[in-house]
$ cat input_23.txt   # compact mmCIF, C-alpha atoms
# COMPACT_ATOMS: atom_id res chain seq x y z
CA MET A 1 -27.10 -9.09 -27.58
CA ASP A 2 -24.51 -8.85 -24.86
CA ASP A 3 -23.78 -11.76 -22.54
CA HIS A 4 -25.63 -10.32 -19.54
CA ILE A 5 -28.85 -9.84 -21.51
CA TYR A 6 -28.52 -13.32 -23.03
CA ARG A 7 -28.04 -14.87 -19.55
CA SER A 8 -31.13 -12.97 -18.39
CA LEU A 9 -33.08 -14.40 -21.35
CA VAL A 10 -31.96 -17.96 -20.46
CA GLU A 11 -33.07 -17.48 -16.84
CA SER A 12 -36.39 -15.94 -17.87
CA ILE A 13 -37.07 -18.88 -20.19
CA ARG A 14 -36.05 -21.34 -17.48
CA LYS A 15 -38.56 -19.71 -15.11
CA HIS A 16 -41.44 -18.76 -17.45
CA GLY A 17 -40.86 -20.71 -20.65
CA VAL A 18 -40.76 -19.13 -24.12
CA LEU A 19 -43.54 -16.56 -24.16
CA GLN A 20 -43.37 -15.79 -27.89
CA PRO A 21 -43.51 -18.51 -30.53
CA ILE A 22 -40.54 -19.05 -32.83
CA LEU A 23 -41.29 -18.28 -36.49
CA VAL A 24 -40.03 -20.98 -38.85
CA ARG A 25 -40.35 -21.88 -42.50
CA SER A 26 -41.74 -25.29 -43.45
CA ASP A 27 -38.16 -26.62 -43.70
CA MET A 28 -37.72 -25.56 -40.02
CA THR A 29 -35.37 -22.68 -40.87
CA ILE A 30 -35.84 -20.06 -38.16
CA VAL A 31 -37.24 -16.79 -39.52
CA LYS A 32 -37.43 -14.97 -36.19
CA GLY A 33 -36.53 -16.12 -32.71
CA GLU A 34 -33.07 -17.64 -33.11
CA LYS A 35 -31.84 -16.19 -29.79
CA ARG A 36 -34.95 -17.44 -27.97
CA TRP A 37 -34.36 -20.88 -29.52
CA ARG A 38 -30.71 -20.96 -28.38
CA ALA A 39 -31.62 -19.71 -24.90
CA ALA A 40 -34.41 -22.30 -24.64
CA GLN A 41 -31.95 -25.07 -25.50
CA GLU A 42 -29.57 -23.79 -22.84
CA ALA A 43 -32.46 -23.58 -20.35
CA GLY A 44 -33.15 -27.27 -20.98
CA LEU A 45 -36.37 -27.02 -22.98
CA THR A 46 -36.84 -29.78 -25.52
CA GLU A 47 -40.04 -28.53 -27.16
CA LEU A 48 -41.07 -25.06 -28.32
CA ILE A 49 -44.17 -23.56 -29.84
CA CYS A 50 -43.45 -22.56 -33.42
CA VAL A 51 -45.50 -20.79 -36.04
CA ILE A 52 -44.83 -22.07 -39.55
CA VAL A 53 -44.64 -19.31 -42.13
CA GLU A 54 -45.16 -20.51 -45.70
CA SER A 55 -42.69 -18.39 -47.63
CA THR A 56 -39.72 -18.40 -49.93
CA GLU A 57 -36.32 -17.63 -48.47
CA GLU A 58 -36.55 -14.07 -49.79
CA GLU A 59 -40.06 -13.54 -48.37
CA ALA A 60 -38.81 -14.81 -45.00
CA LYS A 61 -35.99 -12.22 -45.12
CA LEU A 62 -38.54 -9.48 -45.82
CA LEU A 63 -40.57 -10.67 -42.83
CA THR A 64 -37.46 -10.61 -40.63
CA ILE A 65 -36.74 -7.02 -41.71
CA SER A 66 -40.35 -6.02 -41.07
CA LEU A 67 -40.46 -7.54 -37.59
CA SER A 68 -37.11 -6.01 -36.62
CA HIS A 69 -38.25 -2.62 -37.94
CA LEU A 70 -41.47 -2.81 -35.93
CA ARG A 71 -39.42 -3.52 -32.78
CA GLY A 72 -37.19 -0.55 -33.60
CA ARG A 73 -33.94 -2.52 -33.63
CA THR A 74 -31.81 -2.74 -36.74
CA ASN A 75 -28.17 -3.13 -37.67
CA GLU A 76 -28.10 -0.61 -40.51
CA GLU A 77 -25.14 -2.06 -42.40
CA LEU A 78 -26.59 -5.57 -42.26
CA LEU A 79 -30.01 -4.20 -43.17
CA ALA A 80 -28.62 -2.28 -46.16
CA SER A 81 -26.79 -5.36 -47.40
CA LEU A 82 -29.92 -7.48 -47.05
CA LEU A 83 -32.05 -4.84 -48.79
CA GLU A 84 -29.57 -4.71 -51.66
CA GLU A 85 -29.79 -8.50 -52.00
CA LEU A 86 -33.60 -8.49 -51.86
CA SER A 87 -33.85 -5.70 -54.44
CA GLY A 88 -32.88 -8.37 -56.97
CA PHE A 89 -36.11 -10.24 -56.13
CA PHE A 90 -38.55 -7.47 -55.20
CA THR A 91 -39.14 -3.88 -56.26
CA LEU A 92 -38.32 -1.21 -53.68
CA GLU A 93 -42.05 -0.42 -53.59
CA ASP A 94 -42.80 -4.04 -52.59
CA ILE A 95 -40.03 -3.97 -49.98
CA SER A 96 -41.40 -0.70 -48.61
CA LEU A 97 -44.93 -2.06 -48.43
CA GLN A 98 -43.89 -5.32 -46.75
CA THR A 99 -41.35 -3.91 -44.26
CA GLY A 100 -42.80 -0.55 -43.25
CA PHE A 101 -39.73 1.38 -44.41
CA GLN A 102 -40.42 4.53 -46.43
CA MET A 103 -38.98 4.65 -49.95
CA ASP A 104 -36.56 7.44 -49.05
CA GLU A 105 -35.30 5.40 -46.08
CA LEU A 106 -34.70 2.38 -48.33
CA ASN A 107 -32.91 4.44 -50.96
CA SER A 108 -30.78 6.12 -48.30
CA LEU A 109 -29.81 2.77 -46.75
CA ILE A 110 -28.90 1.17 -50.07
CA LEU A 111 -27.01 4.23 -51.34
CA GLY A 112 -25.09 4.41 -48.07
CA LEU A 113 -23.89 0.83 -48.45
CA ASN A 114 -20.18 0.57 -48.83
CA SER A 115 -19.38 -0.27 -52.44
CA ASP A 116 -15.95 -1.66 -51.72
CA THR A 117 -16.58 -4.79 -53.74
CA GLU A 118 -15.95 -2.99 -57.01
CA LEU A 119 -12.38 -3.05 -58.28
CA GLY A 120 -10.80 0.19 -59.42
CA THR A 121 -8.81 -1.58 -62.08
CA PRO A 122 -9.62 -5.05 -63.35
CA VAL A 123 -7.38 -7.89 -62.30
CA GLN A 124 -5.11 -9.03 -65.11
CA GLU A 125 -4.53 -12.75 -65.51
CA ASP A 126 -0.88 -13.68 -65.37
CA ASP A 127 1.10 -16.88 -65.80
CA ILE A 128 1.91 -17.43 -62.14
CA ASN A 129 2.70 -20.98 -61.13
CA VAL A 130 0.74 -21.22 -57.89
CA GLN A 131 2.39 -24.43 -56.69
CA ARG A 132 5.88 -23.01 -57.23
CA ALA A 133 4.93 -19.81 -55.39
CA LEU A 134 3.60 -21.87 -52.47
CA ASP A 135 6.73 -24.02 -52.43
CA GLU A 136 8.89 -20.89 -52.21
CA ILE A 137 7.25 -19.75 -48.96
CA LYS A 138 9.76 -20.42 -46.20
CA GLU A 139 7.96 -18.62 -43.38
CA PRO A 140 4.22 -17.78 -43.58
CA GLU A 141 3.43 -14.08 -43.40
CA THR A 142 0.18 -14.56 -41.50
CA ARG A 143 0.32 -15.50 -37.83
CA TYR A 144 -2.29 -16.77 -35.38
CA GLY A 145 -4.31 -13.78 -34.20
CA ASP A 146 -3.67 -11.62 -37.28
CA VAL A 147 -6.66 -9.63 -38.52
CA TRP A 148 -6.75 -8.59 -42.18
CA GLN A 149 -9.24 -6.02 -43.40
CA LEU A 150 -10.62 -6.73 -46.88
CA GLY A 151 -12.83 -3.78 -47.77
CA ARG A 152 -15.55 -3.75 -45.12
CA HIS A 153 -14.85 -7.38 -44.20
CA PHE A 154 -12.35 -8.78 -41.71
CA LEU A 155 -10.43 -12.03 -41.97
CA VAL A 156 -9.11 -13.42 -38.69
CA CYS A 157 -6.41 -16.07 -38.53
CA GLY A 158 -7.45 -18.20 -35.60
CA ASP A 159 -8.54 -21.50 -34.19
CA THR A 160 -12.27 -21.99 -33.48
CA THR A 161 -11.52 -24.97 -31.25
CA LYS A 162 -10.24 -22.45 -28.70
CA LEU A 163 -13.63 -20.71 -28.40
CA GLN A 164 -15.65 -21.07 -25.22
CA LYS A 165 -18.06 -24.01 -25.40
CA ARG A 166 -21.19 -21.84 -25.52
CA VAL A 167 -19.90 -19.76 -28.45
CA LYS A 168 -20.30 -21.26 -31.89
CA ALA A 169 -18.87 -19.91 -35.10
CA ALA A 170 -21.49 -18.69 -37.59
CA LEU A 171 -19.26 -19.47 -40.57
CA VAL A 172 -16.11 -21.47 -40.94
CA VAL A 173 -13.98 -21.46 -44.08
CA THR A 174 -11.16 -23.94 -44.20
CA ASP A 175 -8.48 -24.80 -46.69
CA PRO A 176 -7.06 -28.13 -45.56
CA PRO A 177 -3.92 -29.52 -47.22

$ encode --input "input_23.txt" --output "structure tokens"
Amino acid sequence: MDDHIYRSLVESIRKHGVLQPILVRSDMTIVKGEKRWRAAQEAGLTELICVIVESTEEEAKLLTISLSHLRGRTNEELLASLLEELSGFFTLEDISLQTGFQMDELNSLILGLNSDTELGTPVQEDDINVQRALDEIKEPETRYGDVWQLGRHFLVCGDTTKLQKRVKAALVVTDPP
């Protein structure tokens, strides 16, 4: 959702309130409505109507896929990755039945998923002395702002404290000394 649409959502909620309930699991994990929840907080609301969905984490993911599919909005790469994960818990027939996707659509999405996580040749263990190798680094190769592509993933060297106040990181991985 781009910033203009998000701002419009905040203003709409400020004026009319949240018109659709937020779907949550019993542990209060949001299943559907995370953007409405964030916009409601920004609009100053302190209470929201929620519908509690009794489900496992995997069933909640299926519900999220189904609701997104019904609305006609999907990020295909994210969807394919999620479907691949869920195929370890559910059959494709179950996923099809619960999400509204046809079997051929599911197969096409999963087959189209980038398989860059498989190594061409296995990594061979060596006798590297990690501490000595770190001690030998005089000047780090990576600089602030560098972007490294690792398969279909990107690693950005940055500082999240420099983000605008309304933007929050979804994941932070640190390696403090």

$ residues_near_point --input "input_23.txt" --point "(-39.0, -0.5, -42.0)" --cutoff "7 Å" --atoms "all atoms listed in the file" --output "number ranges by chain"
A: 65-66, 69-70, 99-102

$ atom_distance --input "input_23.txt" --atom1 "atom CA of Val51 of chain A" --atom2 "atom CA of Glu105 of chain A"
29.8 Å

$ closest_residue --input "input_23.txt" --among "A:Ser96, A:Leu48, A:Tyr6, A:Ile30" --to "Val18 of chain A" --atoms "all atoms listed in the file"
A:Leu48

$ atom_distance --input "input_23.txt" --atom1 "atom CA of Ile49 of chain A" --atom2 "atom CA of Ile22 of chain A"
6.5 Å

$ atom_distance --input "input_23.txt" --atom1 "atom CA of Arg25 of chain A" --atom2 "atom CA of Leu62 of chain A"
13.0 Å

$ residues_around --input "input_23.txt" --residues "Asp2 of chain A" --least-positions-apart "6" --cutoff "12 Å" --atoms "all atoms listed in the file" --output "ChimeraX atom specification"
/A:8-9,35

$ write_last_selection --input "input_23.txt" --atoms "C-alpha atoms" --output "PDB file, keeping the file's coordinate frame"
ATOM      1  CA  SER A   8     -31.130 -12.970 -18.390  1.00  0.00           C
ATOM      2  CA  LEU A   9     -33.080 -14.400 -21.350  1.00  0.00           C
ATOM      3  CA  LYS A  35     -31.840 -16.190 -29.790  1.00  0.00           C
TER       4      LYS A  35
END

$ closest_residue --input "input_23.txt" --among "A:Phe89, A:Ser55, A:Ile137, A:Val31" --to "Leu67 of chain A" --atoms "only C-alpha atoms"
A:Val31

$ closest_residue --input "input_23.txt" --among "A:Thr64, A:Gln98, A:Thr56, A:Thr29" --to "Leu82 of chain A" --atoms "all atoms listed in the file"
A:Thr64

$ closest_residue --input "input_23.txt" --among "A:Val147, A:Leu134, A:Ile95, A:Ala39" --to "Arg14 of chain A" --atoms "only C-alpha atoms"
A:Ala39

$ closest_residue --input "input_23.txt" --among "A:Ser68, A:Thr91, A:Ser12, A:Asn107" --to "Glu42 of chain A" --atoms "all atoms listed in the file"
A:Ser12

$ residues_around --input "input_23.txt" --residues "segment 157-159 of chain A" --least-positions-apart "3" --cutoff "10 Å" --atoms "all atoms listed in the file" --output "PyMOL selection string"
chain A and resi 142-148+154+162-163

$ closest_residue --input "input_23.txt" --among "A:Ser87, A:Trp37, A:Glu136, A:Ala60" --to "Ile110 of chain A" --atoms "all atoms listed in the file"
A:Ser87

$ decode --input "input_23.txt" --residues "segment 96-108 of chain A" --atoms "N, CA and C atoms" --output "compact mmCIF listing (two decimals), in the first residue's frame"
# COMPACT_ATOMS: atom_id res chain seq x y z
N SER A 96 -6.60 -25.97 -1.92
CA SER A 96 -7.49 -25.53 -2.99
C SER A 96 -8.89 -25.31 -2.46
N LEU A 97 -9.39 -26.26 -1.69
CA LEU A 97 -10.74 -26.18 -1.15
C LEU A 97 -10.89 -24.99 -0.20
N GLN A 98 -9.87 -24.73 0.62
CA GLN A 98 -9.98 -23.69 1.64
C GLN A 98 -9.62 -22.29 1.14
N THR A 99 -8.94 -22.18 -0.01
CA THR A 99 -8.53 -20.86 -0.49
C THR A 99 -9.27 -20.41 -1.74
N GLY A 100 -9.89 -21.34 -2.46
CA GLY A 100 -10.56 -20.98 -3.70
C GLY A 100 -9.66 -21.03 -4.92
N PHE A 101 -8.38 -21.33 -4.74
CA PHE A 101 -7.48 -21.48 -5.88
C PHE A 101 -7.71 -22.85 -6.52
N GLN A 102 -7.69 -22.89 -7.86
CA GLN A 102 -7.78 -24.16 -8.56
C GLN A 102 -6.46 -24.91 -8.42
N MET A 103 -6.51 -26.23 -8.54
CA MET A 103 -5.31 -27.05 -8.39
C MET A 103 -4.22 -26.64 -9.38
N ASP A 104 -4.61 -26.37 -10.64
CA ASP A 104 -3.60 -26.00 -11.62
C ASP A 104 -2.96 -24.65 -11.28
N GLU A 105 -3.73 -23.73 -10.68
CA GLU A 105 -3.17 -22.45 -10.24
C GLU A 105 -2.14 -22.67 -9.13
N LEU A 106 -2.49 -23.53 -8.17
CA LEU A 106 -1.58 -23.82 -7.06
C LEU A 106 -0.29 -24.45 -7.57
N ASN A 107 -0.43 -25.46 -8.43
CA ASN A 107 0.76 -26.12 -8.97
C ASN A 107 1.63 -25.14 -9.74
N SER A 108 1.00 -24.28 -10.53
CA SER A 108 1.74 -23.30 -11.32
C SER A 108 2.49 -22.33 -10.41
